[in-house]
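Take a look at the structure below.
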Amino acid sequence: MEAVTIVTVLALIQFYWFGIEVGQMRAKHECKAPAMTGAPEFERMFRVQQNTMEQLVMFVPALWMYASLVNPLWAAGIGVIYLIGRVIYRSSYVKDPASRSIGFTISVLPTSVMLLWILVAAVQKLVSV
Amino acid sequence: MEAVTIVTVLALIQFYWFGIEVGQMRAKHECKAPAMTGAPEFERMFRVQQNTMEQLVMFVPALWMYASLVNPLWAAGIGVIYLIGRVIYRSSYVKDPASRSIGFTISVLPTSVMLLWILVAAVQKLVSV
Amino acid sequence: MEAVTIVTVLALIQFYWFGIEVGQMRAKHECKAPAMTGAPEFERMFRVQQNTMEQLVMFVPALWMYASLVNPLWAAGIGVIYLIGRVIYRSSYVKDPASRSIGFTISVLPTSVMLLWILVAAVQKLVSV
């Protein structure tokens, strides 16, 4: 499970990092808390972070269920695709929000595949008892 | 734990689905990213998804701690109530945000009961060592 | 793992409580759903809850990975610091958002330390096989 642990930590650090960037944009454009709107640069980075949180709450449980039910090494490999997808999503969204689809798809696909696979594996295991 | 796994996957797919619906409302009403305000239909669906995320980050850990500390089958059964509550919450919120209380209560009750039960069980186990 | 379970439940109940306070502010200042802006008191409490969710999605996985890879009792002890940090963050943010740094730092430090520690421990375990 070490590989899965490392991928999870990297996904959390990536999200952590996006949060720091939101703080930097807030400071740079002097958007005083609690305001969450203002400079486009700030709003874009905030949406990147928020969307990453939405992905993360599905990705982490999916990763661990997949690792324990299917295969930990495959889980780690699939998880790396998520990490790369999020990097692409972040840089394309910051440049132009309209170009966010590719990075979004690359990062949401691993979770989708794992969730469906887990569902099939769990149902099979349940009926085969 | 297969039943708990299946309920978790269904809760994640439900949240995933609400996210797709937010995207559909965004496209339909031409609310360009990163804007999170605009047509009431879009704002309502967005709040349904956000509130579901707030519930999900409590529900998933509660479900698994309850399953391992109390009973996995009860966990799965209680989890189904959460899933139904969220369906009711979604449809009532989209129709009229003022009517959201019933679905909210049905979906927040399972998590509340599990959290208090886990707390009592864990404290008992700790002092009985 | 009972101590880790108790700290996790307390962190979830704390987040739950912040959510109730958001609802109270919404009612008090008559900010009708789905609006998320309005009275400063409401916006501040909402940001406290949202920021706590951002912390929570990193804290809970970090706590459990640290507990299973390093030490469950240390995990619980470090987790208590997070809980205290969030209490300070909440009360300072509600008074004056500009004073939120101390509570933020106290609550984000435990997660940061645990994440880096887990990363080192997991990499060491992986290369030592």
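Letters A, B, ... mark the chains of the structure tokens in the order given; residue numbers begin at 1 per chain; ligand numbers begin at 1, in order shown.
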
Which neighbours of segment 36-39 of chain B fall inside 10 Å, counting only C-alpha atoms, when residues of the same chain fewer than 3 positions from it are skipped, and could you give them as a PDB file with N, CA, C and O atoms, in the first residue's frame?
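File written: around11.pdb
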```pdb
ATOM      1  N   THR A  37     -15.015  36.936  -4.634  1.00  0.00           N
ATOM      2  CA  THR A  37     -15.053  37.419  -6.008  1.00  0.00           C
ATOM      3  C   THR A  37     -14.133  38.632  -6.099  1.00  0.00           C
ATOM      4  O   THR A  37     -13.759  39.216  -5.084  1.00  0.00           O
ATOM      5  N   GLU A  43     -10.321  34.709  -9.019  1.00  0.00           N
ATOM      6  CA  GLU A  43     -11.512  33.860  -9.163  1.00  0.00           C
ATOM      7  C   GLU A  43     -11.184  32.554  -9.881  1.00  0.00           C
ATOM      8  O   GLU A  43     -11.702  31.492  -9.524  1.00  0.00           O
ATOM      9  N   ARG A  47     -11.511  28.805  -8.306  1.00  0.00           N
ATOM     10  CA  ARG A  47     -12.320  27.746  -8.928  1.00  0.00           C
ATOM     11  C   ARG A  47     -11.484  26.492  -9.178  1.00  0.00           C
ATOM     12  O   ARG A  47     -11.991  25.372  -9.053  1.00  0.00           O
TER      13      ARG A  47
ATOM     14  N   MET B  25     -26.521  22.912 -16.129  1.00  0.00           N
ATOM     15  CA  MET B  25     -27.193  24.190 -15.854  1.00  0.00           C
ATOM     16  C   MET B  25     -26.313  25.361 -16.302  1.00  0.00           C
ATOM     17  O   MET B  25     -26.793  26.357 -16.833  1.00  0.00           O
ATOM     18  N   ARG B  26     -24.982  25.204 -16.078  1.00  0.00           N
ATOM     19  CA  ARG B  26     -24.033  26.238 -16.505  1.00  0.00           C
ATOM     20  C   ARG B  26     -24.106  26.428 -18.024  1.00  0.00           C
ATOM     21  O   ARG B  26     -24.155  27.565 -18.511  1.00  0.00           O
ATOM     22  N   LYS B  28     -26.626  25.444 -20.096  1.00  0.00           N
ATOM     23  CA  LYS B  28     -27.983  25.843 -20.487  1.00  0.00           C
ATOM     24  C   LYS B  28     -28.190  27.358 -20.319  1.00  0.00           C
ATOM     25  O   LYS B  28     -28.754  28.015 -21.190  1.00  0.00           O
ATOM     26  N   HIS B  29     -27.729  27.894 -19.182  1.00  0.00           N
ATOM     27  CA  HIS B  29     -27.962  29.307 -18.890  1.00  0.00           C
ATOM     28  C   HIS B  29     -26.766  30.183 -19.262  1.00  0.00           C
ATOM     29  O   HIS B  29     -26.706  31.354 -18.877  1.00  0.00           O
ATOM     30  N   GLU B  30     -25.784  29.554 -19.947  1.00  0.00           N
ATOM     31  CA  GLU B  30     -24.601  30.278 -20.419  1.00  0.00           C
ATOM     32  C   GLU B  30     -23.919  31.102 -19.333  1.00  0.00           C
ATOM     33  O   GLU B  30     -23.561  32.268 -19.542  1.00  0.00           O
ATOM     34  N   CYS B  31     -23.783  30.480 -18.133  1.00  0.00           N
ATOM     35  CA  CYS B  31     -23.003  31.105 -17.054  1.00  0.00           C
ATOM     36  C   CYS B  31     -21.552  30.703 -17.294  1.00  0.00           C
ATOM     37  O   CYS B  31     -21.179  29.561 -17.053  1.00  0.00           O
ATOM     38  N   LYS B  32     -20.736  31.613 -17.779  1.00  0.00           N
ATOM     39  CA  LYS B  32     -19.343  31.288 -18.125  1.00  0.00           C
ATOM     40  C   LYS B  32     -18.483  31.148 -16.864  1.00  0.00           C
ATOM     41  O   LYS B  32     -18.531  31.995 -15.985  1.00  0.00           O
ATOM     42  N   ALA B  33     -17.667  30.063 -16.807  1.00  0.00           N
ATOM     43  CA  ALA B  33     -16.698  29.900 -15.718  1.00  0.00           C
ATOM     44  C   ALA B  33     -15.737  31.073 -15.745  1.00  0.00           C
ATOM     45  O   ALA B  33     -15.409  31.554 -16.830  1.00  0.00           O
ATOM     46  N   PHE B  42     -29.287  27.455 -12.037  1.00  0.00           N
ATOM     47  CA  PHE B  42     -27.861  27.113 -11.910  1.00  0.00           C
ATOM     48  C   PHE B  42     -27.405  27.244 -10.460  1.00  0.00           C
ATOM     49  O   PHE B  42     -26.754  26.346  -9.914  1.00  0.00           O
ATOM     50  N   GLU B  43     -27.770  28.349  -9.812  1.00  0.00           N
ATOM     51  CA  GLU B  43     -27.343  28.575  -8.424  1.00  0.00           C
ATOM     52  C   GLU B  43     -27.898  27.512  -7.483  1.00  0.00           C
ATOM     53  O   GLU B  43     -27.217  27.058  -6.561  1.00  0.00           O
ATOM     54  N   ARG B  44     -29.150  27.094  -7.720  1.00  0.00           N
ATOM     55  CA  ARG B  44     -29.750  26.062  -6.870  1.00  0.00           C
ATOM     56  C   ARG B  44     -29.021  24.734  -7.012  1.00  0.00           C
ATOM     57  O   ARG B  44     -28.693  24.081  -6.035  1.00  0.00           O
ATOM     58  N   PHE B  46     -26.030  24.255  -8.037  1.00  0.00           N
ATOM     59  CA  PHE B  46     -24.681  24.401  -7.473  1.00  0.00           C
ATOM     60  C   PHE B  46     -24.711  24.237  -5.952  1.00  0.00           C
ATOM     61  O   PHE B  46     -23.866  23.569  -5.378  1.00  0.00           O
ATOM     62  N   ARG B  47     -25.724  24.832  -5.303  1.00  0.00           N
ATOM     63  CA  ARG B  47     -25.831  24.714  -3.845  1.00  0.00           C
ATOM     64  C   ARG B  47     -26.146  23.276  -3.429  1.00  0.00           C
ATOM     65  O   ARG B  47     -25.673  22.808  -2.405  1.00  0.00           O
TER      66      ARG B  47
ATOM     67  N   PRO C  34     -30.688  30.233  -2.536  1.00  0.00           N
ATOM     68  CA  PRO C  34     -29.288  29.778  -2.565  1.00  0.00           C
ATOM     69  C   PRO C  34     -28.232  30.876  -2.407  1.00  0.00           C
ATOM     70  O   PRO C  34     -27.058  30.589  -2.640  1.00  0.00           O
ATOM     71  N   ALA C  35     -28.597  32.105  -1.992  1.00  0.00           N
ATOM     72  CA  ALA C  35     -27.593  33.178  -1.875  1.00  0.00           C
ATOM     73  C   ALA C  35     -26.506  32.811  -0.862  1.00  0.00           C
ATOM     74  O   ALA C  35     -26.794  32.253   0.196  1.00  0.00           O
ATOM     75  N   MET C  36     -25.247  33.082  -1.201  1.00  0.00           N
ATOM     76  CA  MET C  36     -24.128  32.822  -0.293  1.00  0.00           C
ATOM     77  C   MET C  36     -23.413  34.116   0.068  1.00  0.00           C
ATOM     78  O   MET C  36     -22.329  34.092   0.655  1.00  0.00           O
TER      79      MET C  36
END
```

Considering only C-alpha atoms, tabulate each residue of chain B that lies at most 6 Å from chain C along with its nearest interatomic pair and the corresponding distance in Å to one decimal; arrange the rows by chain and ascending residue number and present them as a tab-separated table.
```
residue	atom	partner	partner_atom	distance
B:Arg44	CA	C:Pro34	CA	5.7
B:Met58	CA	C:Leu12	CA	5.9
B:Leu119	CA	C:Ile6	CA	6.0
B:Ala122	CA	C:Glu2	CA	5.3
```

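For Asp96 of chain B, the non-local neighbours within 12 Å, defined as residues at least 2 positions apart in the same chain or in other chains and counting only C-alpha atoms, are B:Pro40, B:Glu41, B:Glu43, B:Arg44, B:Met45, B:Val48, B:Ile88, B:Tyr89, B:Arg90, B:Ser91, B:Ser92, B:Tyr93, B:Val94, B:Ala98, B:Ser99, B:Arg100, B:Ser101, C:Lys32, C:Ala33, C:Pro34.
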
Quick one: pick out all alpha helix (DSSP H) residues within segment 21-103 of chain C from a backbone DSSP run and write them as a PyMOL selection string. chain C and resi 21-28+40-69+72-95+101-103

Contacts of Leu63 of chain C at 9 Å (only C-alpha atoms; same-chain gap of 6+ positions) as a ChimeraX atom specification: /C:4,8,72,75-76,78-79,111,114-115

Which residues are close to Tyr82 of chain A, i.e. within 8 Å by only C-alpha atoms, leaving aside same-chain residues fewer than 4 positions away? Reply as a short mmCIF file (atom, residue, chain, number, x, y, z; two decimals) with C-alpha atoms, in the first residue's frame.
```
data_model
loop_
_atom_site.label_atom_id
_atom_site.label_comp_id
_atom_site.auth_asym_id
_atom_site.auth_seq_id
_atom_site.Cartn_x
_atom_site.Cartn_y
_atom_site.Cartn_z
CA ILE A 78 -4.23 5.21 -12.23
CA ARG A 86 -5.01 18.22 -12.36
CA ILE A 106 -7.95 13.45 -17.77
CA SER A 107 -8.38 13.90 -14.01
CA VAL A 108 -12.01 12.75 -13.77
CA LEU A 109 -11.53 9.63 -15.90
CA PRO A 110 -9.35 7.70 -13.37
CA THR A 111 -11.99 8.20 -10.64
#
```

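You will find atom CA of Val87 of chain B at 8.6 Å from atom CA of Gln14 of chain B.
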
Can you work out the spacing between atom CA of Gly85 of chain B and atom CA of Ile102 of chain B in Å, to one decimal?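 One can read the atom CA of Gly85 of chain B to atom CA of Ile102 of chain B distance as 8.0 Å.
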